[in-house]
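Shown next: model28.pdb, containing PDB, C-alpha atoms.
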ATOM      1  CA  MET A   5     -19.566  -5.741 -16.337
ATOM      2  CA  VAL A   6     -20.502  -4.950 -12.766
ATOM      3  CA  TYR A   7     -17.935  -2.926 -10.814
ATOM      4  CA  THR A   8     -17.306  -4.786  -7.570
ATOM      5  CA  ILE A   9     -15.094  -4.575  -4.522
ATOM      6  CA  TYR A  10     -12.686  -6.814  -6.428
ATOM      7  CA  GLU A  11     -12.179  -4.311  -9.238
ATOM      8  CA  GLY A  12     -12.409  -1.356  -6.885
ATOM      9  CA  PHE A  13      -9.947  -2.530  -4.282
ATOM     10  CA  VAL A  14      -7.975  -5.568  -5.420
ATOM     11  CA  LEU A  15      -7.247  -4.567  -9.012
ATOM     12  CA  GLN A  16      -6.776  -0.841  -8.278
ATOM     13  CA  THR A  17      -4.398  -1.553  -5.403
ATOM     14  CA  LYS A  18      -2.490  -4.074  -7.507
ATOM     15  CA  ARG A  19      -2.003  -1.496 -10.277
ATOM     16  CA  SER A  20      -0.886   1.120  -7.780
ATOM     17  CA  LEU A  21       1.619  -1.109  -5.969
ATOM     18  CA  THR A  22       3.004  -2.327  -9.308
ATOM     19  CA  ALA A  23       3.552   1.283 -10.380
ATOM     20  CA  LEU A  24       5.231   1.980  -7.026
ATOM     21  CA  SER A  25       7.588  -0.954  -7.570
ATOM     22  CA  ASP A  26       8.464   0.401 -11.025
ATOM     23  CA  ILE A  27       9.149   3.834  -9.547
ATOM     24  CA  LEU A  28      11.402   2.289  -6.876
ATOM     25  CA  ASN A  29      13.336   0.507  -9.632
ATOM     26  CA  LYS A  30      14.000   3.876 -11.217
ATOM     27  CA  ALA A  31      14.966   5.353  -7.835
ATOM     28  CA  GLN A  32      17.601   2.646  -7.376
ATOM     29  CA  GLU A  33      19.354   3.878 -10.521
ATOM     30  CA  GLN A  34      19.811   7.425  -9.194
ATOM     31  CA  PRO A  35      23.172   8.769  -7.984
ATOM     32  CA  ASN A  36      21.558   9.519  -4.593
ATOM     33  CA  ALA A  37      19.829   6.119  -4.386
ATOM     34  CA  SER A  38      21.343   5.235  -1.016
ATOM     35  CA  ASP A  39      19.812   8.352   0.553
ATOM     36  CA  LEU A  40      16.293   7.849  -0.767
ATOM     37  CA  PRO A  41      14.888   5.239   1.675
ATOM     38  CA  SER A  42      15.323   7.743   4.521
ATOM     39  CA  ALA A  43      14.210  10.797   2.518
ATOM     40  CA  ARG A  44      11.185  12.769   3.715
ATOM     41  CA  LEU A  45       9.040  15.589   2.383
ATOM     42  CA  TYR A  46       9.563  17.459   5.668
ATOM     43  CA  ASP A  47      11.643  16.659   8.741
ATOM     44  CA  ASP A  48       8.566  15.952  10.864
ATOM     45  CA  MET A  49       7.122  13.482   8.335
ATOM     46  CA  LYS A  50       7.938   9.803   7.931
ATOM     47  CA  SER A  51      10.410   8.431   5.414
ATOM     48  CA  LEU A  52      10.015   6.869   1.990
ATOM     49  CA  SER A  53      10.567   3.476   3.646
ATOM     50  CA  TYR A  54       7.667   4.148   5.992
ATOM     51  CA  GLN A  55       5.408   5.037   3.073
ATOM     52  CA  ILE A  56       6.113   1.595   1.577
ATOM     53  CA  PHE A  57       5.526  -0.032   4.980
ATOM     54  CA  ALA A  58       2.197   1.767   5.452
ATOM     55  CA  ALA A  59       0.862   1.164   1.926
ATOM     56  CA  THR A  60       1.664  -2.548   2.067
ATOM     57  CA  THR A  61       0.468  -2.988   5.648
ATOM     58  CA  HIS A  62      -2.870  -1.311   4.895
ATOM     59  CA  THR A  63      -3.237  -3.535   1.827
ATOM     60  CA  LEU A  64      -2.712  -6.640   3.961
ATOM     61  CA  MET A  65      -5.129  -5.341   6.609
ATOM     62  CA  VAL A  66      -7.911  -4.908   4.060
ATOM     63  CA  LEU A  67      -7.222  -8.304   2.530
ATOM     64  CA  ALA A  68      -7.449  -9.888   5.985
ATOM     65  CA  LYS A  69     -10.833  -8.221   6.457
ATOM     66  CA  LEU A  70     -12.114  -9.163   2.997
ATOM     67  CA  ASN A  71     -10.839 -12.758   3.237
ATOM     68  CA  ASN A  72     -11.881 -13.239   6.881
ATOM     69  CA  THR A  73      -8.340 -14.156   7.925
ATOM     70  CA  PRO A  74      -6.293 -12.937  10.917
ATOM     71  CA  PHE A  75      -5.125  -9.348  10.784
ATOM     72  CA  PRO A  76      -1.365  -8.783  10.672
ATOM     73  CA  GLU A  77       0.066  -7.482  13.926
ATOM     74  CA  VAL A  78       2.042  -4.312  13.273
ATOM     75  CA  ASP A  79       3.429  -1.315  15.099
ATOM     76  CA  SER A  80       2.846   1.613  12.794
ATOM     77  CA  SER A  81       3.929   4.237  15.327
ATOM     78  CA  LYS A  82       7.636   4.057  14.492
ATOM     79  CA  ASP A  83       9.421   5.074  11.335
ATOM     80  CA  VAL A  84      11.250   2.272   9.558
ATOM     81  CA  LEU A  85      14.296   2.168   7.334
ATOM     82  CA  TYR A  86      14.331  -0.510   4.673
ATOM     83  CA  THR A  87      16.721  -1.421   1.921
ATOM     84  CA  TYR A  88      15.386  -1.463  -1.624
ATOM     85  CA  GLU A  89      15.308  -5.250  -1.411
ATOM     86  CA  GLU A  90      13.121  -5.058   1.699
ATOM     87  CA  MET A  91      10.819  -2.461   0.143
ATOM     88  CA  HIS A  92      10.398  -4.605  -2.967
ATOM     89  CA  SER A  93       9.842  -7.677  -0.789
ATOM     90  CA  ARG A  94       7.009  -5.932   1.063
ATOM     91  CA  ILE A  95       5.415  -4.861  -2.210
ATOM     92  CA  ASP A  96       5.804  -8.373  -3.639
ATOM     93  CA  GLU A  97       4.181  -9.871  -0.521
ATOM     94  CA  ALA A  98       1.194  -7.536  -0.901
ATOM     95  CA  LEU A  99       0.938  -8.253  -4.655
ATOM     96  CA  LYS A 100       0.966 -12.007  -4.007
ATOM     97  CA  ALA A 101      -1.773 -11.593  -1.406
ATOM     98  CA  LEU A 102      -3.824  -9.550  -3.876
ATOM     99  CA  ASP A 103      -3.328 -12.241  -6.540
ATOM    100  CA  ALA A 104      -4.405 -14.955  -4.098
ATOM    101  CA  THR A 105      -7.683 -13.219  -3.277
ATOM    102  CA  ASP A 106     -10.760 -15.207  -4.253
ATOM    103  CA  LYS A 107     -12.943 -12.768  -6.192
ATOM    104  CA  ASN A 108     -16.162 -14.687  -5.617
ATOM    105  CA  TYR A 109     -15.552 -15.035  -1.866
ATOM    106  CA  ILE A 110     -14.954 -11.346  -1.267
ATOM    107  CA  ILE A 111     -17.882 -10.307  -3.449
ATOM    108  CA  GLU A 112     -20.152 -12.679  -1.532
ATOM    109  CA  HIS A 113     -18.911 -11.565   1.915
ATOM    110  CA  CYS A 114     -17.939  -7.906   1.402
ATOM    111  CA  GLU A 115     -21.048  -6.635   3.228
ATOM    112  CA  ASP A 116     -20.510  -8.847   6.298
ATOM    113  CA  VAL A 117     -20.045  -6.655   9.371
ATOM    114  CA  THR A 118     -17.404  -7.922  11.788
ATOM    115  CA  PRO A 119     -14.878  -6.282  14.119
ATOM    116  CA  ALA A 120     -11.747  -4.877  12.502
ATOM    117  CA  PRO A 121      -8.834  -2.849  13.869
ATOM    118  CA  LEU A 122      -9.019   0.893  13.483
ATOM    119  CA  GLY A 123      -6.457   2.670  15.589
ATOM    120  CA  PRO A 124      -6.065   0.956  18.961
ATOM    121  CA  ASN A 125      -9.589  -0.499  18.986
ATOM    122  CA  LEU A 126     -11.766  -2.961  17.115
ATOM    123  CA  GLN A 127     -14.761  -1.446  15.354
ATOM    124  CA  PRO A 128     -17.618  -3.077  13.429
ATOM    125  CA  PHE A 129     -17.122  -2.659   9.668
ATOM    126  CA  SER A 130     -18.250  -4.261   6.469
ATOM    127  CA  GLY A 131     -15.459  -5.234   4.097
ATOM    128  CA  VAL A 132     -16.559  -2.533   1.660
ATOM    129  CA  ALA A 133     -16.413   0.191   4.313
ATOM    130  CA  TYR A 134     -13.053  -0.990   5.643
ATOM    131  CA  ALA A 135     -11.578  -1.158   2.141
ATOM    132  CA  GLY A 136     -12.843   2.350   1.425
ATOM    133  CA  ILE A 137     -11.198   3.788   4.526
ATOM    134  CA  PHE A 138      -7.881   2.065   3.964
ATOM    135  CA  GLN A 139      -7.730   2.498   0.199
ATOM    136  CA  ALA A 140      -7.641   6.249   0.796
ATOM    137  CA  ASN A 141      -4.720   5.673   3.190
ATOM    138  CA  ILE A 142      -2.943   3.413   0.714
ATOM    139  CA  PHE A 143      -3.236   6.040  -2.024
ATOM    140  CA  PHE A 144      -2.039   8.727   0.403
ATOM    141  CA  HIS A 145       1.132   6.768   1.192
ATOM    142  CA  LEU A 146       1.737   5.953  -2.481
ATOM    143  CA  THR A 147       1.322   9.616  -3.385
ATOM    144  CA  THR A 148       3.622  10.659  -0.550
ATOM    145  CA  ALA A 149       6.262   8.174  -1.752
ATOM    146  CA  TYR A 150       5.970   9.672  -5.235
ATOM    147  CA  GLY A 151       6.251  13.191  -3.783
ATOM    148  CA  ILE A 152       9.359  12.282  -1.779
ATOM    149  CA  LEU A 153      11.069  10.851  -4.837
ATOM    150  CA  ARG A 154      10.157  13.869  -6.984
ATOM    151  CA  LYS A 155      11.440  16.198  -4.245
ATOM    152  CA  GLU A 156      14.706  14.267  -4.261
ATOM    153  CA  GLY A 157      15.103  14.826  -7.999
ATOM    154  CA  LEU A 158      13.723  11.639  -9.511
ATOM    155  CA  GLU A 159      12.374  12.432 -12.973
ATOM    156  CA  LEU A 160       9.210  10.521 -13.723
ATOM    157  CA  LEU A 161       7.594  11.073 -17.071
ATOM    158  CA  ASN A 162       3.988  10.056 -17.598
ATOM    159  CA  GLY A 163       3.524   9.500 -13.860
ATOM    160  CA  GLY A 164       6.106   6.708 -13.881
ATOM    161  CA  PHE A 165       4.317   4.624 -16.487
ATOM    162  CA  PRO A 166       6.031   3.543 -19.705
ATOM    163  CA  GLU A 167       5.022   5.354 -22.878
TER     164      GLU A 167
END
Please express the file's structure as structure tokens.
Amino acid sequence: MVYTIYEGFVLQTKRSLTALSDILNKAQEQPNASDLPSARLYDDMKSLSYQIFAATTHTLMVLAKLNNTPFPEVDSSKDVLYTYEEMHSRIDEALKALDATDKNYIIEHCEDVTPAPLGPNLQPFSGVAYAGIFQANIFFHLTTAYGILRKEGLELLNGGFPE
């Protein structure tokens, strides 16, 4: 089997967001569950809610690039505070978008270079390059969410995966 952008981005991101959803389910069961959406690693860092926002937003940005559809308009400069229902809704939206991705289309067009948002400007990127940049960001925000929850006392055996 050839390893493509589909396996590298779509399937890896789907696995990661699914694991994040499972971890959030466990967080909801904690005695301090109501405090967790606003929890941070450090005071000058963004909250758990923001980590969910960023991971899902970056996923949707890459999918827009890979599928040649309009980019979502977002303001990522502000922290956000979501309920668990809203965090799960964002993850579910991203998972549905990943599921709806046409493997053959993105493989065929992943090297097309077109403008894509990066910071405040549009820059020319191929889908592969854009996915590579943002997948690192997605994994950063997922890891930060995990770190916040561990800092707040959430016990996660086996990295949050069932035995």
Would you write out, as a tab-separated table, a table of all residues in segment 6-109 of chain A that have an atom no more than 9 Å from an atom of segment 125-131 of chain A, listing for each the closest atom pair and the distance in Å to one decimal, considering all atoms listed in the file and ordering rows by chain and rising residue number?
residue	atom	partner	partner_atom	distance
A:Ile9	CA	A:Gly131	CA	8.7
A:Val66	CA	A:Gly131	CA	7.6
A:Leu67	CA	A:Gly131	CA	8.9
A:Lys69	CA	A:Gly131	CA	6.0
A:Leu70	CA	A:Gly131	CA	5.3
A:Asn71	CA	A:Gly131	CA	8.9
Next item on the list: Starting from the shown file, work through the PyMOL selection byres ((chain A and resi 77) around 12) and note down what comes out as a ChimeraX atom specification.
Entry: /A:61-62,64-65,68,74-76,78-80,121,124
Next item on the list: Grab the atom CA of Thr148 of chain A to atom CA of Leu52 of chain A distance for me, in Å with one decimal place.
Entry: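 About the pair atom CA of Thr148 of chain A and atom CA of Leu52 of chain A: they are 7.9 Å apart.
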Item checked: Residue IDs satisfying the PyMOL selection byres ((chain A and resi 95) around 8), as an NGL selection string -> :A and (21-22 or 25 or 56 or 60 or 91-94 or 96-99)
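Residue neighbourhood of Arg44 of chain A, excluding near-sequence residues (fewer than 6 positions): Lys50, Ser51, Leu52, Ser53, Tyr54, Gln55, Thr148, Ala149, Gly151, Ile152, Leu153, Lys155 and Glu156 of chain A, at 10 Å, using only C-alpha atoms.
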Next item on the list: For Ser20 of chain A, work out the shell of residues within 10 Å, counting all atoms listed in the file and skipping chain neighbours fewer than 5 positions away, then give it as a ChimeraX atom specification.
Entry: /A:15,25-26,59,142-143,146-147
Margin query: Counting all atoms listed in the file, which residue out of A:Phe57, A:Tyr7, A:Tyr109, A:Tyr88 sits closest to Ala37 of chain A?
Written below: A:Tyr88
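Note that the spacing between atom CA of Leu85 of chain A and atom CA of Ala43 of chain A amounts to 9.9 Å.
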Checklist line | Å distance separating atom CA of Val117 of chain A from atom CA of Gln16 of chain A, one decimal place | finding: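 One can read the atom CA of Val117 of chain A to atom CA of Gln16 of chain A distance as 22.8 Å.
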Edge lengths and centre in Å, axis-aligned, segment 52-67 of chain A plus 4 Å each side, as AutoDock Vina command-line options:
--center_x 1.3 --center_y -0.7 --center_z 4.1 --size_x 26.5 --size_y 23.2 --size_z 13.0
Item checked: Top pick for closest residue to Thr17 of chain A, considering A:Asp103, A:Asp83, A:Glu89, A:Asp48 and counting all atoms listed in the file -> A:Asp103
Notebook entry, point to check: Residues picked by the PyMOL selection byres ((chain A and resi 27) around 9) here, as a PyMOL selection string?
Noted result: chain A and resi 22-26+28-32+150+153+160+164-165
All residues 12 Å or closer to Thr8 of chain A, only C-alpha atoms, same chain fewer than 5 positions away omitted, as a PDB file with C-alpha atoms, in the coordinates of the input:
ATOM      1  CA  PHE A  13      -9.947  -2.530  -4.282  1.00  0.00           C
ATOM      2  CA  VAL A  14      -7.975  -5.568  -5.420  1.00  0.00           C
ATOM      3  CA  LEU A  15      -7.247  -4.567  -9.012  1.00  0.00           C
ATOM      4  CA  GLN A  16      -6.776  -0.841  -8.278  1.00  0.00           C
ATOM      5  CA  LYS A 107     -12.943 -12.768  -6.192  1.00  0.00           C
ATOM      6  CA  ASN A 108     -16.162 -14.687  -5.617  1.00  0.00           C
ATOM      7  CA  TYR A 109     -15.552 -15.035  -1.866  1.00  0.00           C
ATOM      8  CA  ILE A 110     -14.954 -11.346  -1.267  1.00  0.00           C
ATOM      9  CA  ILE A 111     -17.882 -10.307  -3.449  1.00  0.00           C
ATOM     10  CA  GLU A 112     -20.152 -12.679  -1.532  1.00  0.00           C
ATOM     11  CA  HIS A 113     -18.911 -11.565   1.915  1.00  0.00           C
ATOM     12  CA  CYS A 114     -17.939  -7.906   1.402  1.00  0.00           C
ATOM     13  CA  GLU A 115     -21.048  -6.635   3.228  1.00  0.00           C
ATOM     14  CA  GLY A 131     -15.459  -5.234   4.097  1.00  0.00           C
ATOM     15  CA  VAL A 132     -16.559  -2.533   1.660  1.00  0.00           C
ATOM     16  CA  ALA A 135     -11.578  -1.158   2.141  1.00  0.00           C
TER      17      ALA A 135
END
Check: From the list A:Ala140, A:Leu102, A:Val84, A:Leu122, which residue is nearest Arg19 of chain A when using all atoms listed in the file?
Finding: A:Leu102
